[in-house]
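S.K.: Sharing start-v5.txt here; it has compact mmCIF, C-alpha atoms.
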# COMPACT_ATOMS: atom_id res chain seq x y z
CA MET A 1 106.36 77.51 99.94
CA THR A 2 105.41 74.95 102.49
CA MET A 3 107.30 76.27 105.49
CA GLY A 4 105.59 78.51 108.00
CA PRO A 5 106.51 82.14 108.51
CA GLN A 6 110.07 82.86 109.53
CA PHE A 7 109.78 86.24 111.19
CA ARG A 8 112.81 88.01 112.62
CA PRO A 9 113.00 91.46 114.26
CA VAL A 10 113.84 94.39 111.99
CA ALA A 11 116.13 97.05 113.45
CA LEU A 12 114.17 100.26 113.93
CA GLU A 13 116.65 102.22 111.79
CA HIS A 14 115.65 99.95 108.90
CA ALA A 15 111.91 100.18 109.48
CA SER A 16 111.34 102.82 106.79
CA ARG A 17 112.61 100.39 104.18
CA LEU A 18 109.58 98.19 104.74
CA LEU A 19 107.32 100.92 103.34
CA ASN A 20 109.76 102.78 101.10
CA HIS A 21 108.51 101.20 97.87
CA GLY A 22 104.85 101.92 98.50
CA PRO A 23 103.19 98.57 99.28
CA THR A 24 99.54 98.31 100.17
CA VAL A 25 99.23 97.51 103.89
CA LEU A 26 96.78 96.00 106.32
CA VAL A 27 96.07 98.38 109.20
CA THR A 28 95.29 96.56 112.42
CA SER A 29 93.75 98.01 115.55
CA ALA A 30 92.40 96.88 118.91
CA HIS A 31 90.81 98.48 121.94
CA GLY A 32 88.61 97.36 124.78
CA GLY A 33 88.06 93.85 123.49
CA ARG A 34 87.36 94.93 119.92
CA ARG A 35 89.79 94.51 117.05
CA ASN A 36 89.85 95.26 113.34
CA VAL A 37 91.86 95.01 110.15
CA MET A 38 91.47 97.09 106.98
CA ALA A 39 93.49 97.61 103.81
CA ALA A 40 95.20 100.93 103.08
CA ALA A 41 97.03 101.88 99.92
CA TRP A 42 97.97 105.31 101.22
CA SER A 43 100.91 105.18 103.61
CA MET A 44 104.52 106.35 103.57
CA PRO A 45 107.55 106.79 105.80
CA VAL A 46 108.15 110.40 106.85
CA GLU A 47 111.35 110.08 108.88
CA PHE A 48 114.21 107.59 109.27
CA THR A 49 115.18 108.24 112.89
CA PRO A 50 113.06 108.12 114.92
CA PRO A 51 111.18 105.94 112.44
CA ARG A 52 107.91 107.67 111.69
CA ILE A 53 105.22 107.01 109.14
CA ALA A 54 101.98 108.54 107.89
CA VAL A 55 98.88 106.62 106.87
CA VAL A 56 95.50 107.81 105.62
CA ILE A 57 92.60 106.36 107.60
CA GLU A 58 89.17 107.73 106.86
CA LYS A 59 87.59 109.37 109.89
CA HIS A 60 84.34 107.43 109.85
CA THR A 61 85.93 103.99 109.88
CA CYS A 62 85.94 101.52 112.73
CA THR A 63 89.73 101.40 112.45
CA ARG A 64 90.03 105.15 113.03
CA GLU A 65 87.81 104.90 116.10
CA LEU A 66 89.89 102.11 117.60
CA ILE A 67 93.19 103.85 116.84
CA MET A 68 92.05 107.07 118.48
CA ALA A 69 90.93 105.10 121.51
CA SER A 70 94.10 103.03 121.93
CA GLY A 71 96.70 105.45 120.55
CA ALA A 72 98.29 102.66 118.53
CA PHE A 73 98.01 100.61 115.35
CA GLY A 74 99.75 97.92 113.37
CA LEU A 75 100.78 97.93 109.72
CA CYS A 76 101.12 94.47 108.21
CA ILE A 77 102.49 94.11 104.69
CA PRO A 78 100.65 91.34 102.84
CA GLY A 79 102.42 89.15 100.32
CA ALA A 80 100.93 88.40 96.91
CA GLY A 81 99.43 85.21 98.29
CA LEU A 82 97.10 87.35 100.40
CA VAL A 83 95.75 89.45 97.54
CA ASP A 84 92.19 88.16 97.90
CA LEU A 85 92.21 88.70 101.65
CA THR A 86 93.66 92.19 101.25
CA TYR A 87 90.90 93.16 98.88
CA ALA A 88 88.22 91.53 101.02
CA VAL A 89 89.15 93.30 104.28
CA GLY A 90 89.11 96.59 102.37
CA GLN A 91 85.46 96.06 101.44
CA ALA A 92 83.75 95.15 104.73
CA SER A 93 83.38 97.24 107.88
CA GLY A 94 84.68 96.07 111.21
CA ARG A 95 81.66 97.55 112.93
CA THR A 96 79.52 94.60 111.97
CA LEU A 97 82.10 91.87 111.55
CA ASP A 98 85.17 90.51 113.35
CA LYS A 99 87.20 90.23 110.18
CA PHE A 100 89.93 88.21 111.89
CA ALA A 101 87.43 85.52 112.83
CA HIS A 102 85.44 85.76 109.60
CA HIS A 103 88.51 85.26 107.40
CA GLY A 104 90.39 82.98 109.78
CA ILE A 105 93.28 85.41 110.08
CA ALA A 106 95.89 84.29 112.60
CA ALA A 107 97.06 87.36 114.52
CA ARG A 108 98.99 87.72 117.74
CA PRO A 109 99.58 90.75 119.96
CA GLY A 110 102.62 92.79 118.97
CA PRO A 111 105.50 92.89 121.45
CA VAL A 112 105.38 96.56 122.50
CA LEU A 113 101.83 97.83 122.12
CA GLY A 114 99.81 94.65 121.78
CA MET A 115 98.43 95.59 118.36
CA PRO A 116 97.42 92.58 116.26
CA VAL A 117 100.25 91.51 113.99
CA ILE A 118 99.77 89.02 111.16
CA GLU A 119 102.62 86.77 110.11
CA PRO A 120 101.34 83.92 107.90
CA GLY A 121 101.37 85.26 104.34
CA CYS A 122 102.72 88.67 105.31
CA ALA A 123 106.19 89.90 104.38
CA ALA A 124 106.55 92.14 107.42
CA TRP A 125 104.76 94.12 110.09
CA LEU A 126 105.29 97.34 112.05
CA GLU A 127 103.81 98.27 115.40
CA CYS A 128 103.19 102.01 115.69
CA ARG A 129 102.35 104.47 118.44
CA LEU A 130 99.96 107.16 117.20
CA ILE A 131 101.39 110.68 117.28
CA ARG A 132 98.33 112.85 117.82
CA GLU A 133 97.99 115.50 115.14
CA PRO A 134 94.35 116.59 115.36
CA HIS A 135 94.54 119.05 112.47
CA THR A 136 95.95 116.69 109.84
CA GLU A 137 93.77 113.86 111.13
CA GLU A 138 90.72 116.07 110.58
CA ALA A 139 91.73 117.89 107.40
CA TYR A 140 93.43 115.05 105.48
CA ASP A 141 92.56 111.86 107.40
CA THR A 142 96.34 111.60 107.74
CA CYS A 143 97.55 109.90 110.91
CA PHE A 144 101.19 109.99 111.97
CA GLY A 145 102.85 107.24 113.96
CA GLU A 146 106.18 106.24 115.41
CA VAL A 147 107.36 102.72 114.72
CA VAL A 148 108.24 101.01 118.00
CA ALA A 149 108.70 97.43 116.76
CA ALA A 150 109.04 95.74 113.40
CA ALA A 151 109.69 92.28 112.02
CA ALA A 152 109.92 90.64 108.62
CA ASP A 153 109.88 87.18 107.11
CA ALA A 154 113.56 86.42 106.58
CA ARG A 155 112.79 84.74 103.28
CA ILE A 156 112.09 88.16 101.70
CA PHE A 157 113.61 90.82 104.00
CA ALA A 158 116.81 90.11 105.92
CA GLY A 159 119.81 92.10 107.04
CA GLY A 160 117.91 95.31 106.41
CA HIS A 161 117.23 94.55 102.73
CA TRP A 162 114.41 93.25 100.56
CA SER A 163 115.15 90.35 98.25
CA PHE A 164 112.56 89.67 95.56
CA ARG A 165 113.28 86.32 93.96
CA ASP A 166 111.51 83.60 92.01
CA ASP A 167 111.29 81.45 95.13
CA ASN A 168 109.46 84.00 97.28
CA ALA A 169 106.78 85.23 94.87
CA ALA A 170 103.95 84.58 97.34
CA LEU A 171 105.55 86.98 99.83
CA GLN A 172 106.26 89.75 97.33
CA THR A 173 104.49 92.99 98.15
CA ILE A 174 101.36 94.10 96.35
CA HIS A 175 100.49 97.63 95.28
CA HIS A 176 96.86 98.48 94.67
CA LEU A 177 95.93 100.13 91.38
CA GLY A 178 92.22 100.23 92.22
CA GLY A 179 89.20 97.98 91.91
CA GLY A 180 91.01 94.85 93.02
CA HIS A 181 93.83 95.21 90.49
CA PHE A 182 97.27 95.08 92.07
CA VAL A 183 100.78 95.06 90.76
CA ARG A 184 103.27 92.79 92.43
CA ALA A 185 106.71 94.13 93.25
CA GLY A 186 109.27 92.04 91.48
CA GLY A 187 111.47 92.45 88.46
CA THR A 188 114.21 94.19 90.41
CA VAL A 189 115.87 97.05 88.52
CA ARG A 190 119.29 98.29 89.52
CA ALA A 191 120.26 101.89 88.87
CA ASN A 192 123.79 102.76 87.81
CA THR A 193 125.10 104.01 91.13
CA ALA A 194 128.55 104.94 89.92
CA PRO A 195 129.18 108.59 90.79
CA MET B 196 109.33 101.71 72.04
CA THR B 197 110.44 104.10 69.36
CA MET B 198 107.52 106.49 69.41
CA GLY B 199 107.69 109.71 71.40
CA PRO B 200 105.55 110.34 74.45
CA GLN B 201 101.81 110.24 73.94
CA PHE B 202 100.54 112.30 76.84
CA ARG B 203 96.85 112.91 77.36
CA PRO B 204 95.13 114.81 80.20
CA VAL B 205 94.02 112.75 83.22
CA ALA B 206 90.69 113.73 84.79
CA LEU B 207 91.30 115.20 88.24
CA GLU B 208 89.00 112.63 89.85
CA HIS B 209 91.43 109.96 88.62
CA ALA B 210 94.60 111.73 89.71
CA SER B 211 94.98 109.72 92.94
CA ARG B 212 95.31 106.55 90.85
CA LEU B 213 98.62 107.78 89.48
CA LEU B 214 100.17 107.54 92.97
CA ASN B 215 97.94 104.88 94.53
CA HIS B 216 100.47 102.05 94.08
CA GLY B 217 103.40 103.93 95.61
CA PRO B 218 105.76 104.77 92.74
CA THR B 219 108.92 106.75 93.29
CA VAL B 220 108.45 110.23 91.82
CA LEU B 221 110.52 113.12 90.54
CA VAL B 222 109.62 116.35 92.35
CA THR B 223 110.06 119.40 90.15
CA SER B 224 110.14 123.02 91.27
CA ALA B 225 110.83 126.46 89.84
CA HIS B 226 110.95 130.03 91.11
CA GLY B 227 112.56 133.27 90.04
CA GLY B 228 114.53 131.81 87.17
CA ARG B 229 115.77 128.79 89.16
CA ARG B 230 114.47 125.27 88.73
CA ASN B 231 115.17 121.86 90.21
CA VAL B 232 114.29 118.18 90.11
CA MET B 233 114.83 115.59 92.85
CA ALA B 234 113.67 112.03 93.48
CA ALA B 235 111.23 111.19 96.29
CA ALA B 236 110.11 107.75 97.37
CA TRP B 237 107.80 109.09 100.07
CA SER B 238 104.54 110.37 98.64
CA MET B 239 100.90 109.32 98.76
CA PRO B 240 97.40 110.50 97.91
CA VAL B 241 95.41 111.74 100.90
CA GLU B 242 92.04 112.58 99.29
CA PHE B 243 90.17 111.72 96.11
CA THR B 244 88.10 114.88 95.67
CA PRO B 245 89.52 117.46 95.69
CA PRO B 246 92.60 115.46 94.69
CA ARG B 247 95.20 116.03 97.36
CA ILE B 248 98.56 114.42 98.00
CA ALA B 249 101.34 114.47 100.58
CA VAL B 250 105.05 114.27 99.83
CA VAL B 251 108.07 114.33 102.13
CA ILE B 252 110.64 116.94 101.11
CA GLU B 253 113.51 117.51 103.49
CA LYS B 254 113.61 121.07 104.81
CA HIS B 255 117.20 121.84 103.86
CA THR B 256 116.85 120.94 100.18
CA CYS B 257 116.86 123.31 97.26
CA THR B 258 113.53 121.81 96.20
CA ARG B 259 111.89 122.73 99.50
CA GLU B 260 113.17 126.29 99.22
CA LEU B 261 111.79 126.69 95.70
CA ILE B 262 108.43 125.14 96.61
CA MET B 263 107.98 127.41 99.60
CA ALA B 264 108.82 130.41 97.40
CA SER B 265 106.50 129.51 94.51
CA GLY B 266 103.73 127.67 96.37
CA ALA B 267 103.73 124.93 93.77
CA PHE B 268 105.49 121.77 92.59
CA GLY B 269 105.32 119.03 90.02
CA LEU B 270 105.35 115.26 90.54
CA CYS B 271 106.57 113.31 87.53
CA ILE B 272 106.39 109.52 87.57
CA PRO B 273 109.44 108.04 85.88
CA GLY B 274 109.23 104.84 83.88
CA ALA B 275 111.73 102.02 84.31
CA GLY B 276 113.74 103.41 81.42
CA LEU B 277 114.62 106.39 83.61
CA VAL B 278 115.92 104.40 86.56
CA ASP B 279 119.48 105.73 86.24
CA LEU B 280 118.28 109.31 85.92
CA THR B 281 115.95 108.90 88.90
CA TYR B 282 118.77 107.68 91.07
CA ALA B 283 121.16 110.36 89.79
CA VAL B 284 118.86 113.32 90.50
CA GLY B 285 118.36 111.96 94.01
CA GLN B 286 122.08 112.19 94.70
CA ALA B 287 123.06 115.70 93.58
CA SER B 288 121.88 119.06 94.98
CA GLY B 289 120.16 121.62 92.80
CA ARG B 290 121.97 124.39 94.64
CA THR B 291 125.13 123.82 92.65
CA LEU B 292 123.77 122.26 89.48
CA ASP B 293 120.94 122.79 87.01
CA LYS B 294 120.04 119.12 86.89
CA PHE B 295 117.75 119.60 83.89
CA ALA B 296 120.64 120.95 81.82
CA HIS B 297 123.22 118.58 83.27
CA HIS B 298 121.19 115.48 82.46
CA GLY B 299 119.59 116.82 79.28
CA ILE B 300 116.08 116.48 80.74
CA ALA B 301 113.40 117.86 78.44
CA ALA B 302 110.84 119.66 80.60
CA ARG B 303 108.11 122.12 79.73
CA PRO B 304 106.01 124.39 81.92
CA GLY B 305 102.87 122.73 83.26
CA PRO B 306 99.54 124.13 82.04
CA VAL B 307 98.20 125.62 85.26
CA LEU B 308 101.11 126.57 87.51
CA GLY B 309 104.06 126.51 85.13
CA MET B 310 105.91 123.85 87.12
CA PRO B 311 108.38 121.82 85.04
CA VAL B 312 106.75 118.65 83.74
CA ILE B 313 108.74 115.85 82.15
CA GLU B 314 107.17 113.66 79.50
CA PRO B 315 109.87 111.66 77.64
CA GLY B 316 110.34 108.46 79.65
CA CYS B 317 107.76 109.35 82.28
CA ALA B 318 104.46 107.52 82.70
CA ALA B 319 102.58 110.53 84.06
CA TRP B 320 102.86 113.87 85.82
CA LEU B 321 100.82 115.92 88.27
CA GLU B 322 100.97 119.66 88.82
CA CYS B 323 100.24 120.60 92.44
CA ARG B 324 99.49 123.74 94.38
CA LEU B 325 101.11 123.67 97.82
CA ILE B 326 98.67 123.73 100.73
CA ARG B 327 100.58 125.49 103.46
CA GLU B 328 100.78 123.40 106.62
CA PRO B 329 103.66 124.92 108.58
CA HIS B 330 103.48 122.45 111.46
CA THR B 331 103.67 119.23 109.44
CA GLU B 332 106.22 120.80 107.08
CA GLU B 333 108.42 121.55 110.09
CA ALA B 334 107.78 118.45 112.21
CA TYR B 335 107.66 115.75 109.52
CA ASP B 336 108.95 117.44 106.34
CA THR B 337 105.51 116.52 105.01
CA CYS B 338 104.11 118.88 102.41
CA PHE B 339 100.48 118.73 101.27
CA GLY B 340 99.34 119.73 97.82
CA GLU B 341 96.25 119.90 95.67
CA VAL B 342 96.50 118.42 92.20
CA VAL B 343 95.37 121.02 89.65
CA ALA B 344 96.44 119.27 86.44
CA ALA B 345 97.59 115.78 85.47
CA ALA B 346 98.47 113.86 82.35
CA ALA B 347 99.71 110.40 81.47
CA ASP B 348 101.26 108.56 78.56
CA ALA B 349 98.29 106.80 76.97
CA ARG B 350 100.43 103.73 76.31
CA ILE B 351 100.39 102.90 80.05
CA PHE B 352 97.54 104.91 81.63
CA ALA B 353 94.34 105.58 79.71
CA GLY B 354 90.66 105.92 80.52
CA GLY B 355 91.55 106.32 84.20
CA HIS B 356 93.39 102.99 84.46
CA TRP B 357 96.95 101.72 84.44
CA SER B 358 97.82 98.94 82.02
CA PHE B 359 101.12 97.16 82.65
CA ARG B 360 101.99 95.02 79.66
CA ASP B 361 104.99 93.42 78.00
CA ASP B 362 105.05 96.16 75.37
CA ASN B 363 105.31 99.08 77.80
CA ALA B 364 107.98 97.83 80.20
CA ALA B 365 110.09 100.97 79.82
CA LEU B 366 107.21 103.10 81.11
CA GLN B 367 106.34 100.85 84.07
CA THR B 368 106.69 102.61 87.39
CA ILE B 369 109.66 102.06 89.67
CA HIS B 370 109.59 101.76 93.44
CA HIS B 371 112.78 102.47 95.36
CA LEU B 372 113.97 99.88 97.86
CA GLY B 373 117.09 101.89 98.78
CA GLY B 374 120.63 102.27 97.53
CA GLY B 375 119.70 102.35 93.86
CA HIS B 376 117.71 99.13 94.00
CA PHE B 377 114.21 99.48 92.62
CA VAL B 378 111.38 97.12 91.91
CA ARG B 379 109.40 97.62 88.76
CA ALA B 380 105.62 97.45 88.92
CA GLY B 381 104.45 94.70 86.66
CA GLY B 382 103.13 91.22 87.12
CA THR B 383 99.54 92.35 87.59
CA VAL B 384 97.65 90.41 90.24
CA ARG B 385 93.87 90.39 90.26
CA ALA B 386 91.99 89.90 93.53
CA ASN B 387 88.81 87.89 93.61
CA THR B 388 86.31 90.72 93.72
CA ALA B 389 83.21 88.58 93.92
CA PRO B 390 81.24 89.57 97.01
When written as structure tokens, how does the structure in this file appear?

M.R.:
Amino acid sequence: MTMGPQFRPVALEHASRLLNHGPTVLVTSAHGGRRNVMAAAWSMPVEFTPPRIAVVIEKHTCTRELIMASGAFGLCIPGAGLVDLTYAVGQASGRTLDKFAHHGIAARPGPVLGMPVIEPGCAAWLECRLIREPHTEEAYDTCFGEVVAAAADARIFAGGHWSFRDDNAALQTIHHLGGGHFVRAGGTVRANTAP
Amino acid sequence: MTMGPQFRPVALEHASRLLNHGPTVLVTSAHGGRRNVMAAAWSMPVEFTPPRIAVVIEKHTCTRELIMASGAFGLCIPGAGLVDLTYAVGQASGRTLDKFAHHGIAARPGPVLGMPVIEPGCAAWLECRLIREPHTEEAYDTCFGEVVAAAADARIFAGGHWSFRDDNAALQTIHHLGGGHFVRAGGTVRANTAP
């Protein structure tokens, strides 16, 4: 694919579909002139409307610190072409490194909360307002958020639906098995939906 | 594949790997002579050790009622060969139907909590003890659980690792996009893990 990203807004009532199939995500954060990006395999939608999600972010990470300070975060869904980057930002700490600069990641401020959103190579992104839940944050490192903006590359998600095809393989979502091994979503399977 | 299931125990420290890549699961439940099975796309690990998970189970479902009564549930991970069944058990309610009997699902009681576990056609299962969290159950339909037993079909998960190959396509995990459309995990992608 030689064209640049073709991002279009995703209706908030469709936002859960971006995470429904369990992709690994990049969690972005920013506060007071600092910013960070990490990989997270553990996230899920929890509600359609309002669109709410949960994501596990370890309490000692730089990302967690920035999210608690700003009350917001971004979830960017990397395509298969970003598999090396996804693994790499999951290994280093943002305390000692501006990973955006180090890896040359082009990010821009999201439209509602100003969280960094990444478009080149990503299939989609969601901008989320943290819903404070001190107990689950402490006990399970589980952070809840409400999606306030979302967008997707129209070549792989349009009209509220994913489309995994031969011609968009580099944008297909990746799902971490562990240790740098990912599976790529593809090979669409259709259930018999006749009643 | 003509052989029957070849399930082997999964070490509890590896249990999170069964859900790490976001497969759609079958949630099983049983209490007082009743039993049920439903599909859930929204689950994730939240901790490695002790192995803990979160799963979204809507509060008005039969499954939620049985789980709250028994304090336990099963998560079975269907292979691609069970895509029709997975979709079907997500559509009907267990209040009016014994879905195990209706669909001819072979289940047996799990080893620790007696939750129904399904092996034929599934890649793996986990037996979980509910961790009561009334607030998140009510606010987000999010139920936490501790994994107390797990097993996987050795043809696709062995030695703590998934192996997606041409010869085990029917056991490869499925990831729901919505409306009966699933993607099948496959097409393994390896990140550059050199430092």

S.K.: I'd like a table as JSON lines: residues in chain B with an atom no more than 7 Å from chain A, each row giving the shortest atom pair and its distance in Å to one decimal, all atoms listed in the file counted, sorted by chain and rising residue number.

M.R.:
{"residue": "B:Arg212", "atom": "CA", "partner": "A:Leu177", "partner_atom": "CA", "distance": 6.5}
{"residue": "B:Asn215", "atom": "CA", "partner": "A:Leu177", "partner_atom": "CA", "distance": 6.0}
{"residue": "B:His216", "atom": "CA", "partner": "A:His175", "partner_atom": "CA", "distance": 4.6}
{"residue": "B:Gly217", "atom": "CA", "partner": "A:Gly22", "partner_atom": "CA", "distance": 3.8}
{"residue": "B:Pro218", "atom": "CA", "partner": "A:Gly22", "partner_atom": "CA", "distance": 6.5}
{"residue": "B:Ala236", "atom": "CA", "partner": "A:Asn20", "partner_atom": "CA", "distance": 6.2}
{"residue": "B:Trp237", "atom": "CA", "partner": "A:Met44", "partner_atom": "CA", "distance": 5.5}
{"residue": "B:Ser238", "atom": "CA", "partner": "A:Met44", "partner_atom": "CA", "distance": 6.4}
{"residue": "B:Met239", "atom": "CA", "partner": "A:Trp42", "partner_atom": "CA", "distance": 5.5}
{"residue": "B:Pro240", "atom": "CA", "partner": "A:Trp42", "partner_atom": "CA", "distance": 6.2}
{"residue": "B:Val241", "atom": "CA", "partner": "A:Tyr140", "partner_atom": "CA", "distance": 6.0}
{"residue": "B:Glu242", "atom": "CA", "partner": "A:Tyr140", "partner_atom": "CA", "distance": 6.8}
{"residue": "B:Val251", "atom": "CA", "partner": "A:Val46", "partner_atom": "CA", "distance": 6.1}
{"residue": "B:Val278", "atom": "CA", "partner": "A:Ala191", "partner_atom": "CA", "distance": 5.5}
{"residue": "B:Asp279", "atom": "CA", "partner": "A:Ala191", "partner_atom": "CA", "distance": 4.7}
{"residue": "B:Tyr282", "atom": "CA", "partner": "A:Ala191", "partner_atom": "CA", "distance": 6.4}
{"residue": "B:Tyr335", "atom": "CA", "partner": "A:Val46", "partner_atom": "CA", "distance": 6.0}
{"residue": "B:Thr337", "atom": "CA", "partner": "A:Val46", "partner_atom": "CA", "distance": 6.9}
{"residue": "B:His370", "atom": "CA", "partner": "A:His21", "partner_atom": "CA", "distance": 4.6}
{"residue": "B:His371", "atom": "CA", "partner": "A:His21", "partner_atom": "CA", "distance": 5.1}
{"residue": "B:Leu372", "atom": "CA", "partner": "A:His21", "partner_atom": "CA", "distance": 5.6}
{"residue": "B:Gly375", "atom": "CA", "partner": "A:Ala191", "partner_atom": "CA", "distance": 5.0}
{"residue": "B:His376", "atom": "CA", "partner": "A:Arg190", "partner_atom": "CA", "distance": 4.8}
{"residue": "B:Phe377", "atom": "CA", "partner": "A:Val189", "partner_atom": "CA", "distance": 5.0}
{"residue": "B:Val378", "atom": "CA", "partner": "A:Thr188", "partner_atom": "CA", "distance": 4.3}
{"residue": "B:Arg379", "atom": "CA", "partner": "A:Gly187", "partner_atom": "CA", "distance": 5.6}
{"residue": "B:Ala380", "atom": "CA", "partner": "A:Ala185", "partner_atom": "CA", "distance": 5.6}
{"residue": "B:Gly381", "atom": "CA", "partner": "A:Val183", "partner_atom": "CA", "distance": 5.5}
{"residue": "B:Gly382", "atom": "CA", "partner": "A:Arg184", "partner_atom": "CA", "distance": 5.5}
{"residue": "B:Thr383", "atom": "CA", "partner": "A:Val183", "partner_atom": "CA", "distance": 4.4}
{"residue": "B:Val384", "atom": "CA", "partner": "A:Phe182", "partner_atom": "CA", "distance": 5.0}
{"residue": "B:Arg385", "atom": "CA", "partner": "A:His181", "partner_atom": "CA", "distance": 4.8}
{"residue": "B:Ala386", "atom": "CA", "partner": "A:Asp84", "partner_atom": "CA", "distance": 4.7}
{"residue": "B:Asn387", "atom": "CA", "partner": "A:Asp84", "partner_atom": "CA", "distance": 5.5}
{"residue": "B:Thr388", "atom": "CA", "partner": "A:Gly180", "partner_atom": "CA", "distance": 6.3}

S.K.: Suppose you want the space between CA of Glu138 (chain A) and CA of Lys59 (chain A); what is it in Å?

M.R.: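 CA of Lys59 (chain A) lies at a distance of 7.4 Å from CA of Glu138 (chain A).
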
S.K.: Counting all atoms listed in the file, write as a list in words all protein and nucleic acid residues lying at most 8 Å from (91.4, 102.9, 121.1) in the file's frame.

M.R.: Ser29, Ala30, His31, Gly32, Glu65, Leu66, Ile67, Met68, Ala69, Ser70, Gly71 and Ala72 of chain A

S.K.: Under the rule that all atoms listed in the file are counted, which of A:Gly33, A:Pro120, A:Pro134, A:Pro50 is the nearest residue to Ala15 (chain A)?

M.R.: A:Pro50

S.K.: Please measure the separation of CA of Ile156 (chain A) and CA of Leu113 (chain A), giving the value in Å to one decimal.

M.R.: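 If I compute the distance from CA of Ile156 (chain A) to CA of Leu113 (chain A), I get 24.8 Å.
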
S.K.: What is the distance, in Å and to one decimal place, between CA of Cys143 (chain A) and CA of Cys76 (chain A)?

M.R.: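 Between CA of Cys143 (chain A) and CA of Cys76 (chain A) the gap works out to 16.1 Å.
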
S.K.: Could you name the residues that touch Ala319 (chain B) at 7 Å or less, counting only C-alpha atoms, but leaving out those on the same chain fewer than 2 positions away, as JSON, numbers by chain?

M.R.: {"B": [271, 272, 317, 346, 347, 348]}

S.K.: Return region 182-193 of chain A, completed with N, CA, C and O atoms, as a PDB file, in the frame of the given file.

M.R.:
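Heads up, here's the output in out_29.pdb:
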ATOM      1  N   PHE A 182      96.023  94.779  91.379  1.00  0.00           N
ATOM      2  CA  PHE A 182      97.270  95.080  92.070  1.00  0.00           C
ATOM      3  C   PHE A 182      98.428  94.829  91.126  1.00  0.00           C
ATOM      4  O   PHE A 182      98.336  93.976  90.231  1.00  0.00           O
ATOM      5  N   VAL A 183      99.531  95.512  91.350  1.00  0.00           N
ATOM      6  CA  VAL A 183     100.780  95.060  90.760  1.00  0.00           C
ATOM      7  C   VAL A 183     101.610  94.446  91.872  1.00  0.00           C
ATOM      8  O   VAL A 183     101.544  94.855  93.036  1.00  0.00           O
ATOM      9  N   ARG A 184     102.387  93.456  91.492  1.00  0.00           N
ATOM     10  CA  ARG A 184     103.270  92.790  92.430  1.00  0.00           C
ATOM     11  C   ARG A 184     104.670  93.352  92.227  1.00  0.00           C
ATOM     12  O   ARG A 184     105.132  93.487  91.099  1.00  0.00           O
ATOM     13  N   ALA A 185     105.317  93.691  93.352  1.00  0.00           N
ATOM     14  CA  ALA A 185     106.710  94.130  93.250  1.00  0.00           C
ATOM     15  C   ALA A 185     107.545  92.927  92.874  1.00  0.00           C
ATOM     16  O   ALA A 185     107.391  91.837  93.418  1.00  0.00           O
ATOM     17  N   GLY A 186     108.412  93.117  91.965  1.00  0.00           N
ATOM     18  CA  GLY A 186     109.270  92.040  91.480  1.00  0.00           C
ATOM     19  C   GLY A 186     110.047  92.658  90.347  1.00  0.00           C
ATOM     20  O   GLY A 186     110.017  93.861  90.169  1.00  0.00           O
ATOM     21  N   GLY A 187     110.735  91.874  89.584  1.00  0.00           N
ATOM     22  CA  GLY A 187     111.470  92.450  88.460  1.00  0.00           C
ATOM     23  C   GLY A 187     112.396  93.548  88.946  1.00  0.00           C
ATOM     24  O   GLY A 187     112.262  94.705  88.571  1.00  0.00           O
ATOM     25  N   THR A 188     113.317  93.200  89.836  1.00  0.00           N
ATOM     26  CA  THR A 188     114.210  94.190  90.410  1.00  0.00           C
ATOM     27  C   THR A 188     115.009  94.904  89.312  1.00  0.00           C
ATOM     28  O   THR A 188     115.473  94.282  88.360  1.00  0.00           O
ATOM     29  N   VAL A 189     115.123  96.219  89.455  1.00  0.00           N
ATOM     30  CA  VAL A 189     115.870  97.050  88.520  1.00  0.00           C
ATOM     31  C   VAL A 189     116.954  97.744  89.305  1.00  0.00           C
ATOM     32  O   VAL A 189     116.698  98.275  90.385  1.00  0.00           O
ATOM     33  N   ARG A 190     118.163  97.716  88.794  1.00  0.00           N
ATOM     34  CA  ARG A 190     119.290  98.290  89.520  1.00  0.00           C
ATOM     35  C   ARG A 190     119.738  99.534  88.784  1.00  0.00           C
ATOM     36  O   ARG A 190     120.047  99.495  87.601  1.00  0.00           O
ATOM     37  N   ALA A 191     119.751 100.665  89.486  1.00  0.00           N
ATOM     38  CA  ALA A 191     120.260 101.890  88.870  1.00  0.00           C
ATOM     39  C   ALA A 191     121.780 101.840  88.821  1.00  0.00           C
ATOM     40  O   ALA A 191     122.424 101.185  89.638  1.00  0.00           O
ATOM     41  N   ASN A 192     122.349 102.552  87.849  1.00  0.00           N
ATOM     42  CA  ASN A 192     123.790 102.760  87.810  1.00  0.00           C
ATOM     43  C   ASN A 192     124.161 103.704  88.946  1.00  0.00           C
ATOM     44  O   ASN A 192     123.789 104.872  88.923  1.00  0.00           O
ATOM     45  N   THR A 193     124.810 103.192  89.954  1.00  0.00           N
ATOM     46  CA  THR A 193     125.100 104.010  91.130  1.00  0.00           C
ATOM     47  C   THR A 193     126.528 104.520  91.125  1.00  0.00           C
ATOM     48  O   THR A 193     127.002 105.048  92.119  1.00  0.00           O
TER      49      THR A 193
END
